[in-house]
Every structure is written in structure tokens, then in C-alpha cells.
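Peer 1: Got a file for you: my_file_4.txt, compact mmCIF, C-alpha atoms and all ligand atoms.
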```
# COMPACT_ATOMS: atom_id res chain seq x y z
CA MET U 1 42.87 30.36 0.43
CA THR U 2 46.31 29.61 1.77
CA TRP U 3 48.66 28.31 -0.88
CA LYS U 4 51.35 25.92 0.32
CA SER U 5 52.80 24.19 -2.73
CA ALA U 6 56.04 24.63 -4.63
CA ALA U 7 53.87 25.46 -7.65
CA ALA U 8 52.36 28.43 -5.81
CA ARG U 9 55.81 29.70 -4.78
CA ARG U 10 57.14 29.26 -8.28
CA ILE U 11 54.33 31.17 -10.01
CA LYS U 12 54.64 34.03 -7.49
CA ASP U 13 58.39 34.20 -8.11
CA LEU U 14 57.93 34.13 -11.87
CA ALA U 15 55.45 36.99 -11.80
CA ALA U 16 57.23 38.85 -8.98
CA GLU U 17 53.92 39.09 -7.10
CA ASP U 18 53.03 38.44 -3.45
CA SER U 19 49.86 36.45 -4.10
CA VAL U 20 48.98 33.62 -6.45
CA GLU U 21 45.90 35.52 -7.62
CA ALA U 22 47.96 38.58 -8.62
CA ALA U 23 50.61 36.33 -10.20
CA VAL U 24 47.99 34.62 -12.37
CA ILE U 25 46.75 37.99 -13.64
CA GLU U 26 50.30 39.08 -14.40
CA ILE U 27 51.13 35.84 -16.25
CA GLY U 28 47.91 36.22 -18.26
CA ARG U 29 48.91 39.78 -19.17
CA ARG U 30 52.32 38.64 -20.40
CA LEU U 31 50.89 35.80 -22.47
CA THR U 32 48.14 37.83 -24.15
CA ASP U 33 50.15 41.03 -24.48
CA GLY U 34 49.57 42.69 -27.84
CA GLN U 35 46.45 40.71 -28.72
CA ALA U 36 43.22 42.31 -29.93
CA LEU U 37 40.71 40.68 -27.59
CA PRO U 38 38.28 38.94 -27.43
CA PRO U 39 38.53 36.10 -28.28
CA THR U 40 42.08 35.20 -27.30
CA ASN U 41 44.08 33.72 -30.15
CA LEU U 42 45.76 30.77 -28.42
CA HIS U 43 48.04 30.03 -31.37
CA THR U 44 49.66 33.45 -30.96
CA ILE U 45 50.86 32.36 -27.51
CA PHE U 46 52.53 29.15 -28.72
CA PRO U 47 55.85 30.61 -29.98
CA ARG U 48 56.36 32.44 -26.67
CA LEU U 49 56.52 29.07 -24.88
CA ALA U 50 58.16 26.96 -27.60
CA ILE U 51 54.91 25.09 -28.25
CA GLN U 52 55.50 23.61 -31.70
CA ASP U 53 52.19 21.94 -32.41
CA CYS U 54 48.65 21.49 -31.13
CA TYR U 55 46.47 18.65 -32.42
CA PRO U 56 43.53 16.39 -31.58
CA ASP U 57 44.36 12.89 -30.39
CA GLN U 58 41.49 10.40 -30.37
CA GLN U 59 43.48 7.97 -28.20
CA LEU U 60 43.77 10.47 -25.36
CA ARG U 61 42.20 9.32 -22.08
CA THR U 62 42.23 12.80 -20.56
CA ALA U 63 41.01 16.15 -21.89
CA GLY U 64 44.53 17.23 -22.86
CA GLU U 65 48.23 16.62 -22.51
CA LEU U 66 51.46 18.62 -22.78
CA ARG U 67 54.14 16.57 -24.53
CA LYS U 68 57.85 17.27 -24.53
CA VAL U 69 59.55 17.18 -27.92
CA VAL U 70 63.15 17.89 -28.92
CA ASP U 71 62.79 21.61 -29.37
CA GLY U 72 59.91 22.42 -27.08
CA PHE U 73 56.38 21.09 -26.49
CA GLU U 74 53.26 19.87 -28.20
CA ILE U 75 49.70 19.96 -26.94
CA ALA U 76 47.30 17.10 -27.60
CA TYR U 77 43.60 17.50 -26.88
CA CYS U 78 40.41 15.50 -27.13
CA GLY U 79 39.01 16.38 -30.56
CA THR U 80 35.41 15.49 -29.74
CA ASP U 81 35.06 18.12 -26.99
CA SER U 82 33.16 21.35 -27.66
CA LEU U 83 35.06 24.41 -28.90
CA ALA U 84 34.83 26.07 -25.46
CA ARG U 85 36.05 22.92 -23.72
CA ARG U 86 38.90 22.45 -26.21
CA ARG U 87 40.02 26.03 -25.75
CA PHE U 88 40.02 25.64 -21.97
CA THR U 89 42.04 22.43 -22.25
CA ILE U 90 44.61 24.04 -24.55
CA ALA U 91 44.87 27.08 -22.26
CA HIS U 92 45.36 24.76 -19.27
CA GLU U 93 48.21 22.95 -21.07
CA ILE U 94 49.72 26.33 -21.98
CA ALA U 95 49.82 26.99 -18.22
CA HIS U 96 51.74 23.74 -17.69
CA ALA U 97 54.20 24.93 -20.37
CA VAL U 98 54.65 28.15 -18.37
CA PHE U 99 55.75 26.04 -15.38
CA GLU U 100 57.99 23.84 -17.54
CA ARG U 101 59.97 26.89 -18.58
CA THR U 102 60.66 28.04 -15.02
CA GLY U 103 63.76 25.89 -14.60
CA PRO U 104 64.74 22.57 -13.03
CA HIS U 105 62.50 20.57 -10.66
CA CYS U 106 59.38 22.02 -12.21
CA PRO U 107 56.20 20.93 -10.38
CA ARG U 108 54.24 18.44 -12.48
CA LYS U 109 51.64 17.09 -10.06
CA GLY U 110 49.41 18.27 -7.29
CA ARG U 111 46.02 19.79 -6.62
CA GLU U 112 47.39 23.30 -6.24
CA LEU U 113 49.34 23.03 -9.50
CA GLU U 114 46.21 21.92 -11.37
CA ARG U 115 44.18 24.65 -9.73
CA ILE U 116 46.74 27.30 -10.69
CA CYS U 117 46.79 25.97 -14.27
CA ASP U 118 42.98 26.26 -14.36
CA MET U 119 43.26 29.82 -13.06
CA ILE U 120 45.86 30.73 -15.69
CA ALA U 121 43.65 29.11 -18.36
CA GLY U 122 40.72 31.27 -17.22
CA GLU U 123 42.97 34.32 -17.26
CA ILE U 124 44.22 33.60 -20.78
CA LEU U 125 40.70 33.06 -22.15
CA VAL U 126 39.04 35.95 -20.30
CA PRO U 127 41.81 38.36 -19.25
CA TYR U 128 41.09 40.38 -16.11
CA ASP U 129 41.77 43.70 -17.84
CA SER U 130 39.44 42.91 -20.72
CA LEU U 131 36.51 42.85 -18.28
CA ASN U 132 37.09 46.45 -17.19
CA SER U 133 34.62 47.80 -19.74
CA LEU U 134 31.83 45.70 -18.18
CA ASP U 135 32.02 47.46 -14.81
CA GLY U 136 28.55 48.76 -13.96
CA ARG U 137 26.85 46.86 -16.78
CA ARG U 138 23.92 44.57 -16.15
CA LEU U 139 25.30 41.04 -16.13
CA ASP U 140 22.34 38.71 -16.28
CA LEU U 141 22.38 35.27 -17.87
CA ASP U 142 21.62 36.68 -21.31
CA ALA U 143 24.57 39.06 -21.07
CA LEU U 144 26.85 36.31 -19.74
CA SER U 145 25.76 34.02 -22.55
CA ASP U 146 26.62 36.68 -25.16
CA LEU U 147 29.99 37.26 -23.48
CA ALA U 148 30.69 33.52 -23.46
CA ASP U 149 30.07 33.45 -27.23
CA THR U 150 32.31 36.47 -27.78
CA TYR U 151 35.17 35.02 -25.72
CA GLN U 152 34.57 31.49 -27.06
CA THR U 153 34.32 30.11 -23.58
CA SER U 154 31.59 28.26 -21.69
CA LEU U 155 28.74 30.02 -19.93
CA THR U 156 29.94 28.46 -16.67
CA SER U 157 33.49 29.81 -17.07
CA MET U 158 32.15 33.25 -17.92
CA ALA U 159 29.80 33.23 -14.91
CA ILE U 160 32.68 32.32 -12.59
CA ARG U 161 34.96 34.99 -14.08
CA CYS U 162 32.35 37.74 -13.82
CA ALA U 163 31.14 36.65 -10.37
CA LYS U 164 34.67 36.87 -9.00
CA ARG U 165 35.49 40.06 -10.84
CA PHE U 166 32.33 41.97 -9.94
CA GLY U 167 31.40 40.45 -6.58
CA MET U 168 28.30 38.56 -7.72
CA MET U 169 27.00 35.31 -6.27
CA ALA U 170 26.97 32.35 -8.62
CA ALA U 171 26.69 28.61 -8.16
CA GLN U 172 26.31 25.30 -9.92
CA ILE U 173 24.00 22.59 -8.69
CA GLU U 174 24.00 18.98 -9.81
CA PHE U 175 21.40 16.51 -8.63
CA GLY U 176 20.43 18.91 -5.86
CA GLU U 177 23.96 19.41 -4.50
CA VAL U 178 26.07 22.58 -4.73
CA ILE U 179 29.13 21.69 -6.82
CA TRP U 180 30.74 25.12 -6.50
CA CYS U 181 29.68 28.59 -5.46
CA VAL U 182 31.25 32.03 -5.71
CA CYS U 183 30.33 34.55 -3.01
CA PRO U 184 31.91 37.95 -2.53
CA ARG U 185 33.72 38.03 0.80
CA ALA U 186 32.60 41.57 1.42
CA GLY U 187 28.95 40.54 1.34
CA GLY U 188 29.28 38.23 4.33
CA VAL U 189 26.72 35.72 3.03
CA VAL U 190 25.75 33.35 5.84
CA ARG U 191 26.21 29.64 5.00
CA PRO U 192 26.00 30.30 1.24
CA ARG U 193 25.83 26.65 0.16
CA THR U 194 22.88 25.95 2.45
CA GLN U 195 21.06 29.07 1.30
CA ILE U 196 21.70 28.37 -2.39
CA LYS U 197 20.56 24.77 -2.02
CA ARG U 198 17.33 25.87 -0.36
CA LEU U 199 16.62 28.53 -2.99
CA ALA U 200 17.44 26.13 -5.83
CA SER U 201 14.95 23.63 -4.44
CA LEU U 202 12.20 26.19 -5.12
CA CYS U 203 12.86 26.10 -8.88
CA GLY U 204 10.95 22.88 -9.30
CA GLU U 205 11.26 21.17 -12.64
CA ARG U 206 11.68 24.31 -14.72
CA ARG U 207 14.80 24.29 -16.88
CA ALA U 208 15.32 28.04 -16.59
CA GLY U 209 13.77 31.06 -14.97
CA GLU U 210 14.17 33.81 -12.44
CA PHE U 211 12.62 35.07 -9.24
CA ARG U 212 13.33 37.42 -6.42
CA CYS U 213 14.68 36.00 -3.23
CA THR U 214 16.16 37.10 0.05
CA VAL U 215 19.79 36.33 0.79
CA GLU U 216 20.84 36.35 4.43
CA LEU U 217 23.97 38.34 5.19
CA ARG U 218 25.80 38.42 8.51
CA ARG U 219 24.12 41.59 9.72
CA SER U 220 21.22 42.06 7.32
CA GLN U 221 19.27 40.61 4.44
CA VAL U 222 19.35 41.64 0.82
CA VAL U 223 16.87 41.07 -1.99
CA LYS U 224 18.44 39.50 -5.06
CA THR U 225 17.14 38.26 -8.36
CA MET U 226 18.08 34.64 -8.82
CA GLN U 227 18.35 33.42 -12.40
CA TRP U 228 19.03 29.87 -13.41
CA THR U 229 19.45 27.83 -16.53
CA THR U 230 20.11 24.19 -17.28
CA ILE U 231 23.56 23.41 -18.64
CA GLY U 232 24.67 20.15 -20.22
CA CYS U 233 22.16 17.77 -18.66
CA ALA U 234 18.77 18.26 -17.07
CA ASP U 235 20.08 17.89 -13.52
CA ARG U 236 22.92 20.42 -13.85
CA GLN U 237 21.96 24.04 -13.34
CA LEU U 238 23.82 27.33 -13.21
CA PHE U 239 22.56 30.02 -10.81
CA ILE U 240 23.44 33.67 -10.60
CA PHE U 241 22.25 36.19 -8.02
CA CYS U 242 22.11 39.86 -9.00
CA ASN U 243 20.88 42.99 -7.38
CA ALA U 244 17.11 42.86 -7.62
CA GLU U 245 16.66 46.41 -8.89
CA GLU U 246 18.77 45.60 -11.94
CA PHE U 247 16.08 43.17 -12.98
CA ALA U 248 12.95 45.15 -12.19
CA PRO U 249 10.50 44.65 -15.09
CA SER U 250 10.55 48.37 -15.88
CA ALA U 251 14.34 48.21 -16.24
CA ALA U 252 14.31 45.11 -18.41
CA GLN U 253 15.85 45.74 -21.77
CA PRO U 254 14.21 44.20 -24.81
CA SER U 255 16.19 41.26 -26.10
CA SER U 256 17.89 42.21 -29.32
CA ALA U 257 18.29 38.65 -30.52
CA SER U 258 15.59 36.03 -30.48
CA SER U 259 18.22 33.36 -29.85
CA ARG U 260 18.88 34.93 -26.47
CA SER U 261 15.31 34.40 -25.37
CA ARG U 262 15.54 30.81 -26.47
CA ARG U 263 18.77 30.29 -24.55
CA ILE U 264 17.42 31.61 -21.30
CA ALA U 265 13.89 30.37 -21.80
CA GLY U 266 11.52 31.19 -19.00
CA ARG U 267 13.19 34.34 -17.76
CA GLN U 268 9.89 36.18 -17.97
CA GLU U 269 8.62 34.22 -15.00
CA LEU U 270 8.85 36.46 -12.01
CA LEU U 271 7.73 34.99 -8.75
CA ALA U 272 8.03 37.10 -5.63
CA PHE U 273 8.27 34.97 -2.56
CA SER U 274 10.50 36.92 -0.25
ZN ZN U 301 46.88 19.83 -15.70
```
Kindly return the structure encoded in the file as C-alpha cells.

Peer 2:
Amino acid sequence: MTWKSAAARRIKDLAAEDSVEAAVIEIGRRLTDGQALPPTNLHTIFPRLAIQDCYPDQQLRTAGELRKVVDGFEIAYCGTDSLARRRFTIAHEIAHAVFERTGPHCPRKGRELERICDMIAGEILVPYDSLNSLDGRRLDLDALSDLADTYQTSLTSMAIRCAKRFGMMAAQIEFGEVIWCVCPRAGGVVRPRTQIKRLASLCGERRAGEFRCTVELRRSQVVKTMQWTTIGCADRQLFIFCNAEEFAPSAAQPSSASSRSRRIAGRQELLAFS
């Protein structure tokens, strides 16, 4: 994506990086430097940005807010949100505090600013470098769910982080429409949203499951294993697409925790239709 905003320029300058993506990683490194991860201890970051307090506010009409006080900032958040949601909100407000400390005329509005703050929040909660040890590991929904617990983040956030980091396909569908999808550029997936929508329509009413499918690339086709699970409400589903051989029944590892099987109920269903 081409970044055009003052917020994008400012974060690149702050990190001394040429791209927003690299700048976000660098800012995340600085903020979490010295921490034993995961999970990230957000309170450890507060003194670095003069954040004096962080508290729930039941009157809040948004998920969170950064408030200026005499000697720094305070973060207010919606106390009824889940732990993962609260942590993301606080991390997002930490990102706004990063901007506030970059000098006069700090950007305070704009789609790119909010997007960059979301990216920094993701980086704080699941630092890029901390994922290095997962390289080459099988990242199915069970594994992503365990990682989400370990990092105290949502399954969706973890799926997005790992999909981007390791070049997997992932998507979220609500009421039959693709809300977002992550596709590795190198793969050259043809019309990914259309393909994902078509494949998702084959899931029927099942809340979770997996099957093999064919994904059309620009010059070839590749067999993937599609896994899905329902998140939040019945009509919201998370999909991931992994290399099919990683999920061959003979390679399946026995689940070490019964809770995992419950979380991703139905993953034993294997329907070959490609
Ligand atoms: Zn914001």
C-alpha cells in the first residue's frame, strides 16, 4: 500500500526507516525492549511514554481514549471488553502516545493514523521477532489458538500476525462476505476474495471444520487445507489456508489438551473435493 499521510511520514522519521512496515517493527522493538515475552507487559511500557495511569471508564463511548494530563497521559478503556480486546485497545492508545511525543502538530485524526496505531498495537502485543521461533512449525487453528492464549491476544489477531509473517492465507467472513483477507504477494492468488467466498460457501452450517481445496494461482493451482472456526457470533468465521501436506492425517499430531479439540470442534472432518 502507498502511504500518503503526515502520520506515515512521521513514524518513518521517528524510526529512521524507509517504509511504514519497517518503522512499525522498529517502534515495537523499542517499546518492548528488555521484556521477557510473551505476553507483553503493557504497564512496563507506560513510563517510557509518560503514561501515568490506565483505567476502565464505563462512560466511554469508544473502546479506548488517550487523555492528556499535566505531566503526561492517561489511558481510559471500556472495562466490559474481553481481556484480549482491552489489551489491544490499550496498545492502540500507547501508539497514539508515541505520536504525541514526536513534537508539535502531531497527527490526531485520519484513516492512515488509525491504521498505523493498529499496526503498532499488533507489534507491541505480538512482536515480529518473537515469532522467529515459529518458523517452520505447523500453524493450524489449534496452534494459533494456543499462541493467542500465550500472547493474551485474540485468535483473529494471531491469525493475521502469523499469516502476514509466514505467508499464509487467512480471511474473515461475516454473513457470507469477506471482511478481510491476507494473501502472500508471492503466491499470486487470483481474485482471492472471490475464491475465499466460494470456498467458504461450501462449509454449510458447520461451526468449524477443515477440508482440502484447490486455490488458483496466477500460473498454477495449489492444494491447501482450509480450516475454519466460528468466532464471536454464528455468522462470523475465521478461515486459514495451509499447505495440505502439513495436515495429512498421518502427519496429524495428537491433541495434548482436550480443550483444544473443543475449541476447534469438527476438525476431524476431512472432505476431499478438489
Ligand atoms: Zn485511535

Peer 1: Which of these residues is nearest to Trp228 in chain U, using only C-alpha atoms: U:Arg165, U:Leu141, U:Glu65, U:Ala159?

Peer 2: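 Comparing U:Arg165, U:Leu141, U:Glu65, U:Ala159 against Trp228 in chain U, the winner is U:Leu141.
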
Peer 1: What residues have any atom no more than 12 Å from ligand ZN 301 (chain U) when counting all atoms listed in the file, and can you list them as number ranges by chain?

Peer 2: U: 62-67, 75, 77, 88-100, 107-121

Peer 1: Quote the spacing between CA of Gln227 in chain U and CA of Val126 in chain U in Å to one decimal place.

Peer 2: 22.3 Å

Peer 1: Write out as a PyMOL selection string each polymer residue whose atoms come within 7 Å of Ile51 in chain U, counting all atoms listed in the file; drop sequence neighbours fewer than 3 positions from it.

Peer 2: chain U and resi 46-47+72-74

Peer 1: So, with all atoms listed in the file as the atoms that count, which of U:Cys162, U:Cys54, U:Val70, U:Ala16 lies closest to Arg87 in chain U?

Peer 2: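 Among the listed residues, the smallest separation from Arg87 in chain U belongs to U:Cys54.
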
Peer 1: CA of Ala143 in chain U and CA of Gln221 in chain U, how far apart in Å?

Peer 2: 26.1 Å

Peer 1: Nearest to Ser5 in chain U among U:Thr44, U:Asp142, U:Val20, U:Ala50, with distances taken over only C-alpha atoms: which residue is it?

Peer 2: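 Among the listed residues, U:Val20 lies closest to Ser5 in chain U.
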